[in-house]
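Colleague: This is the content of run_8.cif (mmCIF, C-alpha atoms and all ligand atoms):
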data_coords
loop_
_atom_site.label_atom_id
_atom_site.label_comp_id
_atom_site.auth_asym_id
_atom_site.auth_seq_id
_atom_site.Cartn_x
_atom_site.Cartn_y
_atom_site.Cartn_z
CA MET A 250 0.00 0.00 0.00
CA THR A 251 1.39 3.43 -0.89
CA ILE A 252 0.98 6.10 1.79
CA ARG A 253 0.02 9.42 0.25
CA HIS A 254 1.51 12.33 2.15
CA PRO A 255 0.19 15.86 1.84
CA GLU A 256 2.16 18.27 -0.36
CA LEU A 257 4.94 20.14 1.42
CA ALA A 258 4.00 23.70 2.38
CA VAL A 259 6.97 25.08 0.45
CA LEU A 260 5.49 23.40 -2.63
CA GLY A 261 2.03 24.86 -2.06
CA GLY A 262 0.51 22.51 0.55
CA ALA A 263 -0.94 23.52 3.93
CA PRO A 264 1.56 23.86 6.80
CA THR A 265 1.88 20.70 8.91
CA PHE A 266 1.69 22.65 12.17
CA THR A 267 -1.15 25.09 12.64
CA GLU A 268 0.61 26.61 15.67
CA ALA A 269 4.23 27.64 15.32
CA LEU A 270 6.91 25.46 16.92
CA HIS A 271 9.68 27.61 18.36
CA VAL A 272 13.32 27.00 19.11
CA GLY A 273 13.72 28.34 22.62
CA ARG A 274 10.14 28.09 23.86
CA PRO A 275 10.49 28.82 27.60
CA ASN A 276 10.02 25.91 29.98
CA VAL A 277 7.48 26.91 32.64
CA LEU A 278 6.91 23.91 34.86
CA ASP A 279 5.61 25.03 38.23
CA GLN A 280 3.59 28.21 38.05
CA ASP A 281 2.30 27.86 41.63
CA ALA A 282 5.79 27.72 43.13
CA PHE A 283 6.79 30.77 41.10
CA LEU A 284 3.67 32.74 42.05
CA ASP A 285 4.08 31.85 45.74
CA ARG A 286 7.58 33.28 45.62
CA VAL A 287 6.38 36.44 43.88
CA ARG A 288 3.62 36.85 46.47
CA GLY A 289 6.25 36.54 49.19
CA ALA A 290 8.28 39.32 47.59
CA LEU A 291 5.19 41.52 47.32
CA ASP A 292 4.28 40.85 50.95
CA ARG A 293 7.81 41.68 52.07
CA LYS A 294 7.82 44.77 49.87
CA TRP A 295 11.37 43.92 48.88
CA LEU A 296 11.47 43.85 45.11
CA THR A 297 15.13 44.24 44.09
CA ALA A 298 18.61 45.10 45.38
CA PHE A 299 20.06 42.30 47.54
CA GLY A 300 16.67 40.72 48.29
CA PRO A 301 16.32 37.29 49.88
CA LEU A 302 15.26 35.52 46.66
CA VAL A 303 18.32 36.81 44.79
CA ALA A 304 20.53 35.78 47.72
CA GLU A 305 19.01 32.29 47.71
CA PHE A 306 19.37 32.01 43.92
CA GLU A 307 23.04 33.03 44.15
CA GLN A 308 23.71 30.47 46.88
CA ARG A 309 22.01 27.67 44.94
CA LEU A 310 23.98 28.54 41.80
CA ALA A 311 27.28 28.64 43.69
CA ASP A 312 26.48 25.23 45.23
CA LEU A 313 25.52 23.80 41.86
CA ALA A 314 28.75 24.97 40.23
CA GLY A 315 30.89 24.20 43.29
CA VAL A 316 32.26 27.75 43.56
CA ALA A 317 32.60 30.13 46.48
CA HIS A 318 30.95 33.21 44.96
CA CYS A 319 28.06 34.04 42.68
CA VAL A 320 26.63 37.42 41.72
CA ALA A 321 23.27 37.35 39.93
CA THR A 322 22.61 40.03 37.32
CA CYS A 323 19.91 41.38 35.02
CA ASN A 324 21.20 39.36 32.03
CA ALA A 325 24.35 37.58 30.86
CA SER A 326 25.52 40.29 28.45
CA VAL A 327 25.75 42.84 31.23
CA ALA A 328 27.19 40.17 33.56
CA MET A 329 30.05 39.65 31.09
CA GLN A 330 30.61 43.41 30.75
CA VAL A 331 30.71 43.78 34.52
CA LEU A 332 33.12 40.85 34.74
CA LEU A 333 35.47 42.20 32.05
CA ARG A 334 35.39 45.64 33.72
CA SER A 335 35.93 44.19 37.20
CA ALA A 336 38.88 42.12 35.97
CA GLY A 337 40.53 45.39 34.88
CA LEU A 338 41.29 44.18 31.36
CA THR A 339 42.74 46.23 28.53
CA GLY A 340 43.91 45.05 25.10
CA GLU A 341 42.80 41.99 23.18
CA VAL A 342 40.56 39.11 24.08
CA VAL A 343 40.93 35.83 22.20
CA MET A 344 37.52 34.25 21.68
CA PRO A 345 35.56 32.19 19.17
CA SER A 346 33.61 33.92 16.43
CA PHE A 347 31.19 31.00 16.20
CA THR A 348 28.92 32.14 19.03
CA PHE A 349 26.03 34.49 19.71
CA ILE A 350 26.98 38.06 18.94
CA ALA A 351 26.78 39.01 22.64
CA THR A 352 30.09 37.25 23.34
CA ALA A 353 31.95 39.61 21.00
CA HIS A 354 29.86 42.70 21.73
CA THR A 355 30.48 42.61 25.48
CA ALA A 356 34.24 42.80 24.91
CA LEU A 357 33.98 45.54 22.28
CA TRP A 358 31.57 47.46 24.50
CA GLU A 359 34.20 47.38 27.25
CA GLY A 360 36.82 48.82 24.89
CA LEU A 361 38.56 45.48 24.36
CA VAL A 362 39.48 44.08 20.96
CA PRO A 363 38.00 40.67 20.17
CA VAL A 364 40.48 38.46 18.30
CA PHE A 365 38.56 35.61 16.76
CA ALA A 366 39.81 32.05 16.80
CA ASP A 367 38.49 29.24 14.64
CA ILE A 368 36.68 26.22 16.01
CA ASP A 369 36.99 22.49 16.25
CA GLU A 370 34.23 21.47 13.85
CA ARG A 371 33.46 18.31 15.81
CA THR A 372 32.29 20.32 18.83
CA GLY A 373 31.72 23.84 17.48
CA ASN A 374 33.93 25.06 20.33
CA ILE A 375 37.08 27.19 20.12
CA ASP A 376 40.12 25.37 18.73
CA PRO A 377 42.77 25.70 21.45
CA GLU A 378 45.60 25.31 18.93
CA HIS A 379 44.36 28.22 16.85
CA ALA A 380 43.77 30.22 20.03
CA ARG A 381 47.39 29.54 21.00
CA ARG A 382 48.60 31.08 17.72
CA LEU A 383 46.58 34.24 18.43
CA VAL A 384 47.80 34.87 21.97
CA THR A 385 50.37 37.69 22.07
CA ASP A 386 51.62 40.16 24.63
CA ARG A 387 48.55 42.25 23.83
CA THR A 388 46.22 39.48 25.01
CA ALA A 389 44.35 40.45 28.16
CA ALA A 390 42.17 37.34 28.49
CA ILE A 391 40.79 34.27 26.77
CA VAL A 392 37.02 33.98 26.62
CA ALA A 393 35.67 30.56 25.65
CA VAL A 394 32.08 29.51 25.08
CA HIS A 395 30.50 26.17 26.01
CA LEU A 396 28.59 26.16 22.75
CA TRP A 397 25.11 24.60 22.79
CA GLY A 398 25.92 23.46 26.34
CA HIS A 399 28.86 21.30 25.19
CA PRO A 400 31.90 22.02 27.38
CA ALA A 401 34.78 23.90 25.72
CA PRO A 402 38.30 22.37 25.74
CA VAL A 403 38.78 23.27 29.36
CA GLU A 404 42.13 21.56 30.01
CA GLN A 405 43.97 22.93 26.96
CA LEU A 406 42.64 26.44 27.54
CA THR A 407 43.52 26.35 31.24
CA GLU A 408 47.07 25.41 30.27
CA LEU A 409 47.26 28.15 27.62
CA ALA A 410 45.93 30.82 29.98
CA ALA A 411 48.34 29.77 32.72
CA GLU A 412 51.33 29.82 30.32
CA HIS A 413 50.55 33.42 29.38
CA ASP A 414 49.31 34.45 32.81
CA VAL A 415 45.99 35.75 31.53
CA PRO A 416 42.55 35.02 32.95
CA LEU A 417 40.42 32.37 31.30
CA LEU A 418 36.74 33.33 31.32
CA PHE A 419 33.82 31.27 30.13
CA ASP A 420 30.68 32.48 28.44
CA SER A 421 28.52 29.68 29.80
CA ALA A 422 25.23 31.15 28.63
CA HIS A 423 24.13 27.78 27.21
CA ALA A 424 25.66 25.44 29.69
CA ILE A 425 24.13 25.43 33.16
CA GLY A 426 23.55 21.79 34.09
CA SER A 427 26.29 20.48 31.79
CA GLN A 428 29.32 18.64 33.15
CA HIS A 429 32.85 17.92 31.95
CA HIS A 430 34.49 14.78 33.33
CA GLY A 431 31.90 14.88 36.12
CA ARG A 432 32.67 18.48 37.07
CA PRO A 433 29.83 20.95 36.67
CA VAL A 434 30.18 23.83 34.26
CA GLY A 435 30.32 27.07 36.24
CA GLY A 436 33.50 26.32 38.15
CA PHE A 437 36.14 26.43 35.41
CA GLY A 438 38.68 29.18 34.68
CA SER A 439 38.84 32.45 36.60
CA ALA A 440 35.09 32.99 36.23
CA GLU A 441 32.07 31.79 34.28
CA VAL A 442 28.91 33.61 33.22
CA PHE A 443 25.48 31.95 33.01
CA SER A 444 22.46 33.30 31.15
CA PHE A 445 18.90 32.86 32.38
CA HIS A 446 17.17 34.39 29.37
CA ALA A 447 13.67 32.99 28.81
CA THR A 448 14.98 30.68 26.08
CA LYS A 449 17.68 29.16 28.27
CA PHE A 450 17.73 25.84 30.12
CA VAL A 451 17.28 27.59 33.48
CA ASN A 452 15.25 30.72 32.92
CA ALA A 453 14.57 33.78 35.04
CA PHE A 454 12.66 35.73 32.33
CA GLU A 455 15.98 37.60 31.89
CA GLY A 456 19.02 37.08 34.05
CA GLY A 457 22.67 36.22 34.32
CA ALA A 458 25.28 35.38 36.92
CA VAL A 459 29.02 35.59 37.42
CA LEU A 460 30.53 32.61 39.25
CA THR A 461 34.05 32.55 40.61
CA ASP A 462 36.26 31.26 43.39
CA ASP A 463 38.20 34.53 43.44
CA GLY A 464 36.93 36.52 46.43
CA ASP A 465 38.48 39.84 45.36
CA LEU A 466 37.07 39.54 41.85
CA ALA A 467 33.64 38.62 43.25
CA ASP A 468 33.72 41.65 45.52
CA ARG A 469 34.52 43.96 42.58
CA VAL A 470 31.82 42.34 40.44
CA ARG A 471 29.30 42.78 43.24
CA ARG A 472 30.19 46.45 43.59
CA VAL A 473 30.43 47.21 39.87
CA HIS A 474 26.98 45.64 39.34
CA ASN A 475 25.62 48.03 41.99
CA TYR A 476 26.83 51.41 40.66
CA GLY A 477 30.30 50.73 42.04
CA ARG A 478 28.99 50.74 45.60
CA GLY A 479 29.02 48.21 48.38
CA LYS A 480 25.89 47.79 50.48
CA GLY A 481 26.41 51.29 51.85
CA GLU A 482 26.90 54.56 50.02
CA ASP A 483 30.66 54.35 49.46
CA VAL A 484 31.60 54.38 45.78
CA ALA A 485 34.79 52.47 45.10
CA TYR A 486 34.49 51.83 41.35
CA LEU A 487 32.86 53.06 38.19
CA GLY A 488 29.77 50.89 38.17
CA THR A 489 26.46 50.27 36.53
CA ASN A 490 23.09 48.89 37.53
CA ALA A 491 23.19 45.21 36.65
CA LYS A 492 21.14 43.89 39.55
CA MET A 493 18.67 41.03 39.28
CA THR A 494 15.13 41.65 40.54
CA GLU A 495 13.27 39.45 43.02
CA VAL A 496 10.71 38.44 40.37
CA CYS A 497 13.50 37.16 38.13
CA ALA A 498 15.08 35.31 41.05
CA ALA A 499 11.66 33.78 41.84
CA MET A 500 11.54 32.40 38.30
CA GLY A 501 15.20 31.35 38.39
CA LEU A 502 14.77 29.46 41.67
CA THR A 503 11.64 27.71 40.40
CA SER A 504 13.38 26.81 37.16
CA LEU A 505 16.44 25.50 39.06
CA GLU A 506 14.19 23.31 41.19
CA ASN A 507 12.83 21.75 38.00
CA MET A 508 16.22 21.13 36.42
CA SER A 509 16.26 17.35 36.67
CA GLU A 510 12.75 17.16 35.21
CA LEU A 511 13.83 19.45 32.38
CA ILE A 512 16.94 17.43 31.62
CA ALA A 513 14.76 14.30 31.45
CA VAL A 514 12.40 16.01 28.99
CA ASN A 515 15.30 17.25 26.87
CA ILE A 516 16.98 13.83 26.84
CA ALA A 517 13.71 12.16 25.84
CA ARG A 518 13.30 14.64 22.93
CA HIS A 519 16.94 14.13 21.92
CA GLU A 520 16.48 10.37 21.81
CA ARG A 521 13.32 10.76 19.77
CA TYR A 522 15.15 12.95 17.25
CA ARG A 523 18.00 10.45 17.15
CA ALA A 524 15.62 7.61 16.31
CA GLY A 525 13.57 9.69 13.87
CA LEU A 526 16.53 11.08 11.92
CA ARG A 527 18.62 7.91 11.93
CA ASP A 528 17.53 6.93 8.43
CA VAL A 529 17.67 10.38 6.85
CA PRO A 530 20.92 10.40 4.85
CA GLY A 531 23.21 13.39 5.21
CA LEU A 532 21.82 14.59 8.55
CA THR A 533 23.86 14.25 11.75
CA LEU A 534 22.51 15.02 15.18
CA ARG A 535 25.12 16.59 17.48
CA GLU A 536 25.89 14.32 20.41
CA PRO A 537 27.90 15.03 23.59
CA ARG A 538 31.36 13.55 23.88
CA PRO A 539 31.60 10.46 26.12
CA PHE A 540 33.22 12.38 28.98
CA ASP A 541 30.66 15.23 28.93
CA SER A 542 27.06 15.31 29.99
CA VAL A 543 24.99 18.18 28.64
CA ASN A 544 21.64 19.82 29.33
CA HIS A 545 20.40 19.00 25.78
CA GLN A 546 18.77 22.43 25.55
CA TYR A 547 19.73 22.59 21.87
CA ILE A 548 18.94 20.04 19.17
CA VAL A 549 21.54 20.79 16.52
CA VAL A 550 21.60 18.93 13.23
CA GLU A 551 24.35 19.18 10.64
CA VAL A 552 23.27 18.99 7.01
CA ASP A 553 25.61 17.53 4.41
CA GLN A 554 24.01 18.93 1.26
CA ASP A 555 25.70 16.46 -1.12
CA VAL A 556 24.21 13.51 0.71
CA ALA A 557 20.97 15.02 2.02
CA GLY A 558 19.84 16.43 -1.32
CA VAL A 559 18.98 19.80 0.25
CA SER A 560 21.15 22.54 1.67
CA ARG A 561 20.75 23.72 5.27
CA ASP A 562 19.11 26.92 4.03
CA GLU A 563 16.66 25.03 1.82
CA LEU A 564 15.76 22.74 4.68
CA ALA A 565 15.31 25.75 6.98
CA ALA A 566 13.05 27.50 4.44
CA ALA A 567 10.97 24.36 3.90
CA LEU A 568 10.55 23.85 7.67
CA ARG A 569 9.63 27.46 8.28
CA ALA A 570 6.93 27.11 5.63
CA GLU A 571 5.58 24.23 7.77
CA ASN A 572 5.48 26.60 10.79
CA VAL A 573 8.62 25.19 12.39
CA LEU A 574 10.63 28.29 13.32
CA VAL A 575 14.08 26.73 13.14
CA ARG A 576 17.22 28.78 13.82
CA THR A 577 20.57 28.79 12.04
CA HIS A 578 22.77 29.65 15.00
CA PHE A 579 25.47 30.96 14.65
CA HIS A 580 25.62 32.14 11.11
CA PRO A 581 27.50 34.10 9.73
CA GLY A 582 29.86 34.28 12.74
CA CYS A 583 30.69 37.40 14.74
CA HIS A 584 33.72 38.21 12.55
CA ARG A 585 31.48 38.67 9.51
CA THR A 586 28.99 41.04 11.20
CA GLU A 587 29.06 44.75 10.48
CA PRO A 588 30.68 46.12 13.68
CA TYR A 589 33.68 43.83 13.17
CA VAL A 590 33.95 44.03 9.38
CA ARG A 591 33.70 47.82 9.48
CA ASP A 592 37.02 48.29 11.21
CA PRO A 593 39.48 45.81 9.68
CA ALA A 594 42.46 47.73 11.00
CA LYS A 595 41.35 46.90 14.51
CA HIS A 596 39.69 43.55 13.99
CA THR A 597 42.07 41.60 11.78
CA PRO A 598 39.69 39.96 9.31
CA LEU A 599 41.15 36.50 9.64
CA PRO A 600 39.55 33.81 7.54
CA LEU A 601 37.93 31.30 9.85
CA PRO A 602 37.18 28.47 7.41
CA ARG A 603 35.86 25.98 9.91
CA SER A 604 33.56 28.48 11.64
CA GLU A 605 32.29 29.66 8.27
CA ALA A 606 31.70 26.13 6.98
CA LEU A 607 29.92 24.89 10.09
CA GLY A 608 27.81 28.05 10.21
CA GLU A 609 26.41 27.10 6.82
CA ARG A 610 25.59 23.52 7.76
CA VAL A 611 23.85 23.58 11.14
CA ILE A 612 20.22 24.02 12.04
CA SER A 613 18.58 24.14 15.50
CA LEU A 614 15.27 22.34 15.96
CA PRO A 615 12.58 22.79 18.64
CA THR A 616 12.96 20.83 21.86
CA GLY A 617 12.00 20.90 25.54
CA THR A 618 8.47 21.20 26.83
CA GLY A 619 7.58 23.39 23.85
CA VAL A 620 7.36 20.40 21.52
CA ARG A 621 5.38 17.23 22.22
CA PRO A 622 7.00 13.82 21.58
CA GLU A 623 4.62 13.00 18.72
CA GLN A 624 5.42 16.38 17.16
CA VAL A 625 9.11 15.39 17.16
CA ASP A 626 8.14 12.24 15.24
CA GLN A 627 6.09 14.32 12.79
CA LEU A 628 8.99 16.71 12.38
CA CYS A 629 11.47 13.93 11.64
CA GLU A 630 9.11 12.39 9.11
CA LEU A 631 8.69 15.83 7.54
CA ILE A 632 12.46 16.36 7.36
CA GLY A 633 12.83 13.01 5.61
CA ARG A 634 10.15 13.98 3.10
CA ILE A 635 11.77 17.37 2.45
CA ALA A 636 15.11 15.65 1.79
CA ARG A 637 13.57 13.07 -0.53
CA GLN A 638 12.04 15.87 -2.60
CA GLY A 639 15.27 17.85 -2.52
CA ASP A 640 15.20 18.88 -6.19
CA ARG A 641 11.66 20.23 -6.03
CA VAL A 642 12.35 21.98 -2.72
CA SER A 643 15.53 23.57 -4.10
CA SER A 644 13.71 24.94 -7.16
CA ALA A 645 10.86 26.25 -5.00
CA VAL A 646 13.19 27.98 -2.53
CA THR A 647 15.63 29.34 -5.13
CA PRO A 648 13.78 29.60 -8.46
CA SER A 649 16.22 29.67 -11.42
N1 LIG B 701 26.47 34.30 25.10
C1 LIG B 701 25.83 33.39 24.35
C2 LIG B 701 26.62 32.26 23.77
C3 LIG B 701 24.45 33.51 24.13
O1 LIG B 701 23.82 32.60 23.35
C4 LIG B 701 23.76 34.58 24.70
C5 LIG B 701 22.34 34.76 24.45
C6 LIG B 701 24.46 35.49 25.51
C7 LIG B 701 25.83 35.32 25.67
C8 LIG B 701 23.79 36.65 26.16
O2 LIG B 701 22.86 36.23 27.12
P1 LIG B 701 21.68 37.24 27.59
O3 LIG B 701 22.25 38.62 27.65
O4 LIG B 701 20.56 37.12 26.60
O5 LIG B 701 21.29 36.72 28.95
C9 LIG B 701 18.06 34.82 21.89
C10 LIG B 701 18.22 35.30 23.31
O6 LIG B 701 17.75 36.62 23.50
C11 LIG B 701 19.61 35.21 23.82
O7 LIG B 701 19.52 35.11 25.23
C12 LIG B 701 20.34 33.99 23.30
N2 LIG B 701 21.71 33.97 23.70
C13 LIG B 701 20.30 33.95 21.78
C14 LIG B 701 21.00 32.74 21.23
O8 LIG B 701 18.94 33.90 21.37
P2 LIG B 701 16.80 35.92 19.85
O9 LIG B 701 16.46 37.33 19.77
O10 LIG B 701 17.37 35.30 18.68
O11 LIG B 701 15.59 34.99 20.31
P3 LIG B 701 14.15 35.40 20.78
O12 LIG B 701 14.17 36.12 22.08
O13 LIG B 701 13.47 36.06 19.66
O14 LIG B 701 13.45 33.99 21.02
C15 LIG B 701 13.72 32.83 20.27
C16 LIG B 701 12.44 32.02 20.07
O15 LIG B 701 11.84 31.71 21.30
C17 LIG B 701 11.41 32.73 19.20
O16 LIG B 701 10.98 31.83 18.20
C18 LIG B 701 10.27 33.03 20.15
C19 LIG B 701 10.47 32.10 21.32
N3 LIG B 701 10.18 32.76 22.58
C20 LIG B 701 11.02 33.74 23.01
C21 LIG B 701 10.76 34.39 24.18
C22 LIG B 701 11.70 35.48 24.66
C23 LIG B 701 9.05 32.43 23.27
O17 LIG B 701 8.28 31.55 22.84
N4 LIG B 701 8.80 33.05 24.45
C24 LIG B 701 9.61 34.04 24.95
O18 LIG B 701 9.35 34.57 26.04
O19 LIG B 701 17.89 35.87 21.04
#
Output the structure of this file as structure tokens.

Modeller:
Amino acid sequence: MTIRHPELAVLGGAPTFTEALHVGRPNVLDQDAFLDRVRGALDRKWLTAFGPLVAEFEQRLADLAGVAHCVATCNASVAMQVLLRSAGLTGEVVMPSFTFIATAHTALWEGLVPVFADIDERTGNIDPEHARRLVTDRTAAIVAVHLWGHPAPVEQLTELAAEHDVPLLFDSAHAIGSQHHGRPVGGFGSAEVFSFHATKFVNAFEGGAVLTDDGDLADRVRRVHNYGRGKGEDVAYLGTNAKMTEVCAAMGLTSLENMSELIAVNIARHERYRAGLRDVPGLTLREPRPFDSVNHQYIVVEVDQDVAGVSRDELAAALRAENVLVRTHFHPGCHRTEPYVRDPAKHTPLPLPRSEALGERVISLPTGTGVRPEQVDQLCELIGRIARQGDRVSSAVTPS
């Protein structure tokens, strides 16, 4: 018996999903616990600035990461700016280009010069050997990213930073809940920065945190994030207002409490994608390395156009037509965005072939509580159908 499937939306059919499927749909598991916490804050009439919920959130994060100090902030971008400022850095910062633009912007915003290193295509993370070639006496720090929650090459970077006596900082926006050789992300390098944006694994509506074992650095971060002041009126540093509110901490604490449930949901979705995409030629689902465990907040699939019959962009266009709002993170790479291209004298326009190539091959698919298991099956079946009709899809997306 031949099964007749409906026409693909990109070819004129009706979209498979009547309601959009998002990449980064927030996980909201326990509304009552969140609302109870918010009511508590309202009753106490303590809404921000060193409130008890923020203090509890900071303590729980420090415990989770196994570090001595944590300062919660309004978001991760500002957390990184406060950290770079508090570390007193000037000069260049070696970092990957294959990341969200915030990683580069925070350094540039602080008057530092991002120097972009290429990646290891197997992980998407910074290539420590290329980073080594870029470190000079102008280097003030190395900033690595645990991309898609997959730990960066911690050991090699720690060695490199120590050799050159520069701080190693981690943009860990994607990686709360991930582990490397059994050690939780959050405790590596001189400091790490988490993001709690709504789309993140642990969400606080918006939020960030700096985690460190360095007491002096933590003290400066705490002051700089509070206009340069301590708890009193004394102003020791140039500071800003980067404080987290009690409502955000209420959400962050509730989300943290639900972490193991969320990991289980994400793993179940990952396994479903693995099974559903197994027989689609040319598509590879990103998996953690054997010595890492990850939060699985991102389902990232690499498309080999020659084998799959469609390019990543054609697949993305066909899926969007079906109401699946896939993302192509992180294309085209920070080094090819306007603020960095505009000033080649400052930002050496190095070719980054591996970052550029991977940026054209990867696609992020919906996961977490925002997509039901049977929708994952439907999506995989749909992806297979798009690939099998690659020629028709290509002509529809890019008419000759
Ligand atoms: N470093 C790295 C490596 C990062 O990836 C990020 C941020 C940062 C640093 C900086 O962290 P934060 O300063 O943000 O704390 C999003 C997020 O805004 C950003 O946090 C994230 N990374 C980046 C990768 O993606 P957008 O603008 O592309 O996504 P957005 O907000 O439009 O939402 C994505 C999807 O989720 C949409 O389809 C709609 C859906 N959505 C979104 C929100 C906010 C919902 O369904 N509900 C919601 O409440 O940036």

Colleague: Show me which residues sit within 6 Å of ligand LIG 701 (chain B) when counting only C-alpha atoms and all ligand atoms, and put them as a ChimeraX atom specification.

Modeller: /A:271-275,324-326,348-349,351-352,420,422,444-448,456-457

Colleague: Have a look at A:Pro377, A:Gly582, A:Gly300, A:Pro600 and name the one nearest to Lys492 of chain A; count only C-alpha atoms.

Modeller: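 Ranked by minimum distance to Lys492 of chain A, first place goes to A:Gly300.
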
Colleague: So how far away is atom CA of Val620 of chain A from atom CA of Leu260 of chain A, in Å?

Modeller: 24.4 Å

Colleague: Which distance in Å separates atom CA of Leu568 of chain A and atom CA of Leu628 of chain A, to one decimal?

Modeller: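 That distance, rounded to one decimal, is 8.7 Å.
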
Colleague: For a test of reading the model, state the distance in Å between atom CA of Leu270 of chain A and atom CA of Gly525 of chain A, rounded to one decimal.

Modeller: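 Between these atoms lies a distance of 17.4 Å.
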
Colleague: Around the point (24.7, 31.0, 13.4), in the coordinates given by the file, pick out the residues reaching within 12 Å, counting only C-alpha atoms, and return them as number ranges by chain.

Modeller: A: 346-350, 373, 396-397, 549, 561-562, 575-586, 604-613

Colleague: With all atoms listed in the file as the atoms that count, which of A:Val442, A:Ile516, A:Cys629, A:Leu333 lies nearest to Gly617 of chain A?

Modeller: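 Of A:Val442, A:Ile516, A:Cys629, A:Leu333, the one nearest Gly617 of chain A, counting all atoms listed in the file, is A:Ile516.
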
Colleague: When you look at segment 533-545 of chain A with a cut-off of 10 Å (counting all atoms listed in the file), what residues show up, excluding the ones that are within fewer than 4 positions of it in the same chain? I need them as a PyMOL selection string.

Modeller: chain A and resi 371-373+397-400+423-434+450-451+508-509+511-519+522-523+526-527+529+549-553+611-613+616-617

Colleague: With all atoms listed in the file as the atoms that count, which of A:Ala304, A:Ala411, A:Leu357, A:Leu564 lies nearest to Gln330 of chain A?

Modeller: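 Nearest to Gln330 of chain A: A:Leu357.
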
Colleague: Please produce, as a Markdown table, a per-residue contact table for segment 294-313 of chain A versus segment 466-487 of chain A (criterion: any atom at most 12 Å away, all atoms listed in the file considered), showing the nearest atom pair and its distance in Å to one decimal, sorted by chain then residue number.

Modeller:
| residue | atom | partner | partner_atom | distance |
| --- | --- | --- | --- | --- |
| A:Thr297 | CA | A:Asn475 | CA | 11.3 |
| A:Ala298 | CA | A:Asn475 | CA | 8.3 |
| A:Phe299 | CA | A:Lys480 | CA | 8.5 |
| A:Gly300 | CA | A:Lys480 | CA | 11.8 |
| A:Glu307 | CA | A:Arg471 | CA | 11.6 |
| A:Ala311 | CA | A:Ala467 | CA | 11.8 |

Colleague: Which residue out of A:Val573, A:Val642, A:Ala499, A:Ile632 has the minimum interatomic distance to Phe266 of chain A when all atoms listed in the file are used?

Modeller: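 That would be A:Val573, the residue with the smallest distance to Phe266 of chain A.
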
Colleague: Using all atoms listed in the file, find the one residue out of A:Asp367, A:Glu378, A:Asp414, A:Glu408 that sits nearest to Ala390 of chain A.

Modeller: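 Under the stated criterion, the closest residue is A:Asp414.
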